[in-house]
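Everything below concerns the one structure shown next.
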Amino acid sequence: LHLRRKTKMKKLFILFVALALVGFTVPAMATNDHWSFYGSSRLSTFYTSQDEDAGDDKGTTWALQGNSRIGASVTGDTVSGGFEYGTGINLRLLYAKWNFGGGTLLVGQHYGPANLFYSGQVYGSDAGMLNVGGLYTGCNPQINLGVGSFNLALLTPQSGAVGDDGDSDNTIPKVEASYSLSAGALSAKVAAGYQTYAVEGSTDAGDYDVTSWVLGLGGGVNIGAVYINGNVMTGRNVGNYGMWTTGSSGAVISGGEIKDTTTIGAIAVVGFKASDQLSFQGGYGYVSHDADVSGSDADVTSVFYVQAPIAVASGFSIVPEVGMYNYHEDTAGADQGSMTYFGAKWQMNF
C-alpha cells in the first residue's frame, strides 16, 4: 500500500512539473505574438459614358469594390505574418515572414517585387492607372528574400498556349527583383521580372517557347504641400507574364511563327494637399503594345483624371473623381473610341 501511494505521488509530481512547464512556456510564447485586425469597406458610385466607337453605352456603377478587405497582421520575435480576404471570399494575402537578422524570408501569397504604386486613381476599384502605363503583377504565391532595400522572389509562373490548342509546360518559376532608395524628399524604385515556358503546339507554329519580361522605374518628390510621382515601364509579352494592362499585350502566332509583343508605358501624377481635410490630385497614363507582325499597328490606350479627396473623419474618406479613357486605334487601325466617367469612392477603414 505504501509503495502504491509512493508511485501515485511520483506520478502526480511528474504531472505537476509538466503542467508547470507548460504554464510557464505557453504564456511566454503568447506574449511574444501580437495580433492586429483591420478592415476596409469601399463603395464605388460612378456614372460612365462611352462614345459610338466604344460601344455607345451608358451606365451607373453602385457596388462594393472587389478590393474591400478584412485581415490581420501578426508580429513575433522572429516570425511574423498575416492574412487578408477580399469580397467574395477572395484570398488576397496569406504569408509568414522570418527575420533572420541579416534580412527577411517571406513564404506565402503577397505582392511581388515587380509592382509600382504611384497613382491614387479610384475609378475601377482603385485602378491607380496600373493597367494604363503602370507596372502591376498583383499578389502571387512566392518565396521572397529581402535584404535591406533589395528584394528577390521566386513566384508561381504564368503559362498558356498562344493561338492554338497546345500544352504548356513550366520548368522554372517566375523571377522578380526590386531595389528601393530614398533621400530626403526623393524616393525611387527599380523593378524587373522574367519568365519563360514551353508549349507543345499541335497546329500553326508547332513547338515554341514564350519568353516574357518586365522592367520599370518609378519615383517621386515632395515639395512642401506639392508632390510629383510617376513611372516608366517596358516589357515583352506582358500578357503572358501576368501583368495587368489594357490592350493586346501577349505574344501572337503569325506565318507559322511565334511573334513577340513589346509594351511601353508611363504615368505622371501631381498632387496638392490644401489641408488635413482636402487635397487634389491629377494624373495621366499611356500604354502601347506593338506586335512584331508586318502590317500590325500598335494598340494604344491613354487615361487622365482629376480628383479631390475629402477626409470626412478619422478612417472615413470620400474621393470625387472625373476622368476619360481614350482607346485610340486597335492593331488593325480601327478607332476604338473613348469613355468618360465621374462619381466618387466612399471608403471607411476599421
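Here's how to read the names in the C-alpha cells: chain A, B, ... by the order shown, residue numbers from 1 in each chain, ligand numbers from 1 in the order shown.
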Pull the strand (DSSP E) assignments for stretch 33-230 of chain A out of DSSP run on the backbone, and list those residues as a compact mmCIF listing (two decimals) with C-alpha atoms, in the first residue's frame.
```txt
# COMPACT_ATOMS: atom_id res chain seq x y z
CA HIS A 34 0.66 40.49 -31.30
CA TRP A 35 -2.46 40.25 -33.46
CA SER A 36 -3.81 43.38 -35.13
CA PHE A 37 -7.09 43.08 -37.06
CA TYR A 38 -8.20 45.59 -39.69
CA GLY A 39 -10.77 46.10 -42.42
CA SER A 40 -11.73 48.46 -45.24
CA SER A 41 -15.18 48.91 -46.79
CA ARG A 42 -15.10 50.61 -50.21
CA LEU A 43 -18.08 51.55 -52.37
CA SER A 44 -17.89 52.75 -56.00
CA THR A 45 -20.58 55.19 -57.18
CA PHE A 46 -19.74 56.15 -60.77
CA TYR A 47 -21.51 57.07 -64.00
CA THR A 48 -19.82 56.08 -67.28
CA SER A 49 -20.48 57.08 -70.88
CA GLN A 50 -18.88 55.50 -73.94
CA LYS A 58 -24.03 54.48 -70.59
CA GLY A 59 -24.37 53.08 -67.11
CA THR A 60 -24.11 53.53 -63.37
CA THR A 61 -21.87 51.54 -61.05
CA TRP A 62 -23.09 51.31 -57.45
CA ALA A 63 -21.23 48.42 -55.92
CA LEU A 64 -18.89 47.20 -53.22
CA ARG A 69 -10.93 43.72 -47.30
CA ILE A 70 -10.62 42.31 -43.82
CA GLY A 71 -7.48 40.81 -42.36
CA ALA A 72 -4.91 40.74 -39.62
CA SER A 73 -1.19 41.18 -39.16
CA VAL A 74 0.77 39.17 -36.61
CA THR A 75 4.13 40.17 -35.18
CA VAL A 79 8.43 35.19 -37.29
CA SER A 80 5.59 37.49 -38.33
CA GLY A 81 2.75 37.05 -40.79
CA GLY A 82 -0.73 37.98 -41.81
CA PHE A 83 -3.78 37.29 -43.92
CA GLU A 84 -6.26 39.34 -45.93
CA TYR A 85 -9.53 38.43 -47.61
CA GLY A 86 -11.45 40.47 -50.17
CA ASN A 90 -11.20 36.19 -52.23
CA LEU A 91 -7.81 35.43 -50.70
CA ARG A 92 -5.61 38.48 -51.16
CA LEU A 93 -2.76 37.84 -48.72
CA LEU A 94 -1.61 34.85 -46.66
CA TYR A 95 2.03 34.80 -45.69
CA ALA A 96 4.65 34.42 -42.97
CA LYS A 97 7.95 36.27 -42.72
CA TRP A 98 11.07 35.15 -40.86
CA ASN A 99 13.51 37.82 -39.68
CA THR A 104 13.82 38.54 -44.06
CA LEU A 105 12.39 35.48 -45.78
CA LEU A 106 8.71 35.62 -46.78
CA VAL A 107 6.77 32.48 -47.72
CA GLY A 108 3.18 32.68 -48.97
CA GLN A 109 0.96 34.92 -51.09
CA HIS A 110 1.89 38.60 -51.21
CA TYR A 111 2.74 41.40 -53.65
CA CYS A 139 -0.33 39.12 -55.37
CA ASN A 140 1.20 35.71 -56.04
CA PRO A 141 2.48 32.68 -54.11
CA GLN A 142 6.22 33.16 -53.65
CA ILE A 143 9.43 32.77 -51.71
CA ASN A 144 10.80 36.27 -51.19
CA LEU A 145 14.21 37.18 -49.80
CA GLY A 146 14.64 40.74 -48.55
CA VAL A 147 17.99 42.25 -47.61
CA PHE A 150 16.70 44.72 -52.13
CA ASN A 151 14.08 42.03 -52.79
CA LEU A 152 14.41 38.83 -54.81
CA ALA A 153 11.44 36.49 -55.28
CA LEU A 154 10.60 33.19 -56.97
CA LEU A 155 6.89 33.21 -57.87
CA ASP A 167 0.01 22.09 -73.97
CA SER A 168 2.24 24.46 -71.97
CA ASP A 169 4.96 23.29 -69.58
CA LYS A 174 8.94 33.36 -62.37
CA VAL A 175 11.77 35.58 -61.06
CA GLU A 176 11.29 39.16 -59.82
CA ALA A 177 13.60 41.64 -58.13
CA SER A 178 13.46 45.24 -56.96
CA TYR A 179 15.61 47.86 -55.28
CA SER A 180 14.28 50.93 -53.47
CA LEU A 181 16.04 54.03 -52.22
CA SER A 182 15.14 57.36 -50.66
CA ALA A 183 17.00 60.56 -49.87
CA LEU A 186 13.19 61.99 -53.13
CA SER A 187 12.31 58.30 -53.49
CA ALA A 188 12.83 55.79 -56.29
CA LYS A 189 12.36 52.11 -57.11
CA VAL A 190 13.56 49.91 -59.95
CA ALA A 191 11.80 46.58 -60.56
CA ALA A 192 12.19 43.73 -63.04
CA GLY A 193 10.78 40.29 -63.76
CA TYR A 194 11.41 37.34 -66.10
CA GLN A 195 9.75 34.06 -67.00
CA THR A 196 9.77 31.52 -69.84
CA TYR A 197 7.78 28.39 -70.64
CA ALA A 198 7.49 25.88 -73.46
CA VAL A 199 4.41 24.97 -75.50
CA GLU A 200 3.93 21.68 -77.31
CA TYR A 208 7.64 27.02 -79.32
CA ASP A 209 8.81 28.97 -76.26
CA VAL A 210 7.10 32.03 -74.75
CA THR A 211 9.58 34.33 -73.01
CA SER A 212 8.37 37.38 -71.09
CA TRP A 213 10.00 40.14 -69.10
CA VAL A 214 9.08 43.44 -67.46
CA LEU A 215 11.19 46.40 -66.36
CA GLY A 216 10.07 49.53 -64.55
CA LEU A 217 11.47 52.64 -62.88
CA GLY A 218 9.38 54.83 -60.60
CA GLY A 219 9.86 57.61 -58.12
CA GLY A 220 8.53 60.73 -56.50
CA VAL A 221 9.42 64.04 -54.91
CA ASN A 222 7.68 66.05 -52.18
CA ILE A 223 8.00 69.83 -52.26
CA VAL A 226 3.05 69.54 -53.53
CA TYR A 227 4.17 66.10 -54.71
CA ILE A 228 5.05 64.62 -58.10
CA ASN A 229 5.05 60.85 -58.75
CA GLY A 230 5.43 58.69 -61.82
```
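For A:Ser294, the residues within 10 Å (counting only C-alpha atoms, excluding itself and residues fewer than 3 positions away along the chain) are Ser254, Ala291 and Asp297 of chain A.
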Using DSSP on the backbone coordinates, identify the residues of stretch 106-217 of chain A assigned to helix (DSSP H, G or I); present them as a list in words.
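Everything in stretch 106-217 of chain A that counts as helix (DSSP H, G or I) is Tyr123, Gly124, Ser125 and Asp126 of chain A.
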Restricted to N, CA and C atoms, what would the selected residues look like written as an mmCIF file, in the first residue's frame?
```
data_model
loop_
_atom_site.group_PDB
_atom_site.id
_atom_site.type_symbol
_atom_site.label_atom_id
_atom_site.label_comp_id
_atom_site.auth_asym_id
_atom_site.auth_seq_id
_atom_site.Cartn_x
_atom_site.Cartn_y
_atom_site.Cartn_z
ATOM 1 N N TYR A 123 -11.248 55.219 -59.675
ATOM 2 C CA TYR A 123 -12.155 54.533 -60.588
ATOM 3 C C TYR A 123 -11.605 53.141 -60.927
ATOM 4 N N GLY A 124 -12.518 52.201 -61.181
ATOM 5 C CA GLY A 124 -12.102 50.840 -61.491
ATOM 6 C C GLY A 124 -11.584 50.104 -60.282
ATOM 7 N N SER A 125 -12.224 50.328 -59.112
ATOM 8 C CA SER A 125 -11.800 49.694 -57.856
ATOM 9 C C SER A 125 -10.355 50.032 -57.526
ATOM 10 N N ASP A 126 -10.074 51.344 -57.491
ATOM 11 C CA ASP A 126 -8.730 51.843 -57.195
ATOM 12 C C ASP A 126 -7.723 51.362 -58.231
#
```
Please identify all polymer residues within 7 Å of A:Val287, counting only C-alpha atoms, omitting same-chain residues fewer than 6 positions from it, and present them as number ranges by chain.
A: 132-133, 264-266, 300-302
With all heavy atoms kept, could you save the residues just selected as a CSV table (one decimal), in the first residue's frame?
```csv
chain,number,residue,atom,x,y,z
A,132,VAL,N,-2.8,51.1,-67.2
A,132,VAL,CA,-2.6,52.1,-68.4
A,132,VAL,C,-1.3,52.8,-68.1
A,132,VAL,O,-1.3,54.0,-67.6
A,132,VAL,CB,-3.7,53.1,-68.6
A,132,VAL,CG1,-3.5,53.9,-69.8
A,132,VAL,CG2,-5.1,52.3,-68.7
A,133,GLY,N,-0.2,52.1,-68.3
A,133,GLY,CA,1.1,52.8,-68.1
A,133,GLY,C,1.8,52.4,-66.8
A,133,GLY,O,3.0,52.6,-66.6
A,264,ILE,N,5.3,49.5,-74.0
A,264,ILE,CA,5.9,50.6,-73.3
A,264,ILE,C,4.8,51.4,-72.6
A,264,ILE,O,3.7,51.4,-73.1
A,264,ILE,CB,6.7,51.6,-74.2
A,264,ILE,CG1,5.8,52.1,-75.4
A,264,ILE,CG2,7.9,50.8,-74.8
A,264,ILE,CD1,6.5,53.2,-76.2
A,265,GLY,N,5.1,52.0,-71.5
A,265,GLY,CA,4.1,52.8,-70.8
A,265,GLY,C,4.7,53.7,-69.8
A,265,GLY,O,5.9,53.6,-69.4
A,266,ALA,N,3.9,54.7,-69.4
A,266,ALA,CA,4.3,55.7,-68.4
A,266,ALA,C,3.1,56.3,-67.7
A,266,ALA,O,2.0,56.4,-68.3
A,266,ALA,CB,5.1,56.8,-69.1
A,300,VAL,N,-3.0,51.2,-78.5
A,300,VAL,CA,-2.7,52.3,-77.6
A,300,VAL,C,-3.9,52.6,-76.7
A,300,VAL,O,-5.0,52.7,-77.2
A,300,VAL,CB,-2.2,53.5,-78.4
A,300,VAL,CG1,-1.9,54.7,-77.4
A,300,VAL,CG2,-0.9,53.2,-79.2
A,301,THR,N,-3.6,52.9,-75.5
A,301,THR,CA,-4.6,53.4,-74.5
A,301,THR,C,-4.0,54.5,-73.7
A,301,THR,O,-2.9,54.4,-73.3
A,301,THR,CB,-5.2,52.3,-73.6
A,301,THR,OG1,-5.7,51.2,-74.4
A,301,THR,CG2,-6.3,52.8,-72.7
A,302,SER,N,-4.8,55.5,-73.4
A,302,SER,CA,-4.4,56.6,-72.5
A,302,SER,C,-5.5,57.0,-71.6
A,302,SER,O,-6.7,56.7,-71.9
A,302,SER,CB,-3.9,57.8,-73.3
A,302,SER,OG,-5.0,58.4,-74.1
```
Contact residues around stretch 256-262 of chain A with only C-alpha atoms at 8 Å, ignoring same-chain residues under 2 positions, as JSON, numbers by chain
{"A": [204, 205, 206, 208, 234, 235, 236, 237, 238, 249, 250, 251, 252, 253, 254, 264, 289, 290, 291, 292, 293]}
Export of the given selection (C-alpha atoms) as a PDB file, in the first residue's frame:
```pdb
ATOM      1  CA  ASP A 204       0.373  26.626 -86.584  1.00  0.00           C
ATOM      2  CA  ALA A 205       3.855  27.175 -85.128  1.00  0.00           C
ATOM      3  CA  GLY A 206       4.356  23.686 -83.704  1.00  0.00           C
ATOM      4  CA  TYR A 208       7.644  27.022 -79.321  1.00  0.00           C
ATOM      5  CA  THR A 234       8.599  48.395 -70.744  1.00  0.00           C
ATOM      6  CA  GLY A 235       8.237  44.689 -71.323  1.00  0.00           C
ATOM      7  CA  ARG A 236       7.840  41.818 -73.744  1.00  0.00           C
ATOM      8  CA  ASN A 237       4.744  39.586 -73.910  1.00  0.00           C
ATOM      9  CA  VAL A 238       3.476  41.106 -70.666  1.00  0.00           C
ATOM     10  CA  SER A 249      -0.290  42.575 -74.881  1.00  0.00           C
ATOM     11  CA  GLY A 250       0.551  38.897 -75.428  1.00  0.00           C
ATOM     12  CA  ALA A 251       2.635  37.012 -77.953  1.00  0.00           C
ATOM     13  CA  VAL A 252       0.931  36.069 -81.247  1.00  0.00           C
ATOM     14  CA  ILE A 253       1.405  33.443 -83.932  1.00  0.00           C
ATOM     15  CA  SER A 254       1.821  34.779 -87.451  1.00  0.00           C
ATOM     16  CA  ILE A 264       5.945  50.633 -73.291  1.00  0.00           C
ATOM     17  CA  HIS A 289       1.522  47.284 -77.257  1.00  0.00           C
ATOM     18  CA  ASP A 290       3.283  46.680 -80.568  1.00  0.00           C
ATOM     19  CA  ALA A 291       3.373  43.138 -82.021  1.00  0.00           C
ATOM     20  CA  ASP A 292       6.276  42.170 -84.293  1.00  0.00           C
ATOM     21  CA  VAL A 293       3.879  41.443 -87.156  1.00  0.00           C
TER      22      VAL A 293
END
```
Mind giving me the straight-line distance from atom CA of A:Thr246 to atom CA of A:Lys345 in Å, one decimal?
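Between atom CA of A:Thr246 and atom CA of A:Lys345 the gap works out to 22.0 Å.
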From the set A:Ser202, A:Thr340, A:Asn131, A:Gln307, which residue has the shortest atom-to-atom contact distance to A:Gly163, counting only C-alpha atoms?
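Checking each of A:Ser202, A:Thr340, A:Asn131, A:Gln307 against A:Gly163, counting only C-alpha atoms, the winner is A:Ser202.
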Closest pair table for stretch 213-292 of chain A residues within 10 Å of stretch 318-324 of chain A, only C-alpha atoms, as CSV:
```
residue,atom,partner,partner_atom,distance
A:Leu278,CA,A:Val319,CA,9.8
A:Ser279,CA,A:Val319,CA,9.7
A:Phe280,CA,A:Val319,CA,9.7
A:Gln281,CA,A:Glu321,CA,9.3
A:Gly282,CA,A:Gly323,CA,9.4
A:Gly283,CA,A:Gly323,CA,9.3
A:Tyr284,CA,A:Gly323,CA,9.6
```
With only C-alpha atoms as the atoms that count, which of A:Leu130, A:Gly333, A:Ser314, A:Thr156 lies nearest to A:Val232?
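Counting only C-alpha atoms, the residue closest to A:Val232 is A:Leu130.
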Give me, please, the distance in Å between atom CA of A:Gly66 and atom CA of A:Phe316, quoted to one decimal.
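Result for atom CA of A:Gly66 versus atom CA of A:Phe316: 18.1 Å, one decimal.
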Please report the interatomic distance between atom CA of A:Val303 and atom CA of A:Gly285 in Å with one decimal.
5.2 Å
Could you check which of A:Gly88, A:Gly166, A:Gly55, A:Gly160 is closest to A:Tyr327, using only C-alpha atoms?
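Selected residue with least distance to A:Tyr327: A:Gly55.
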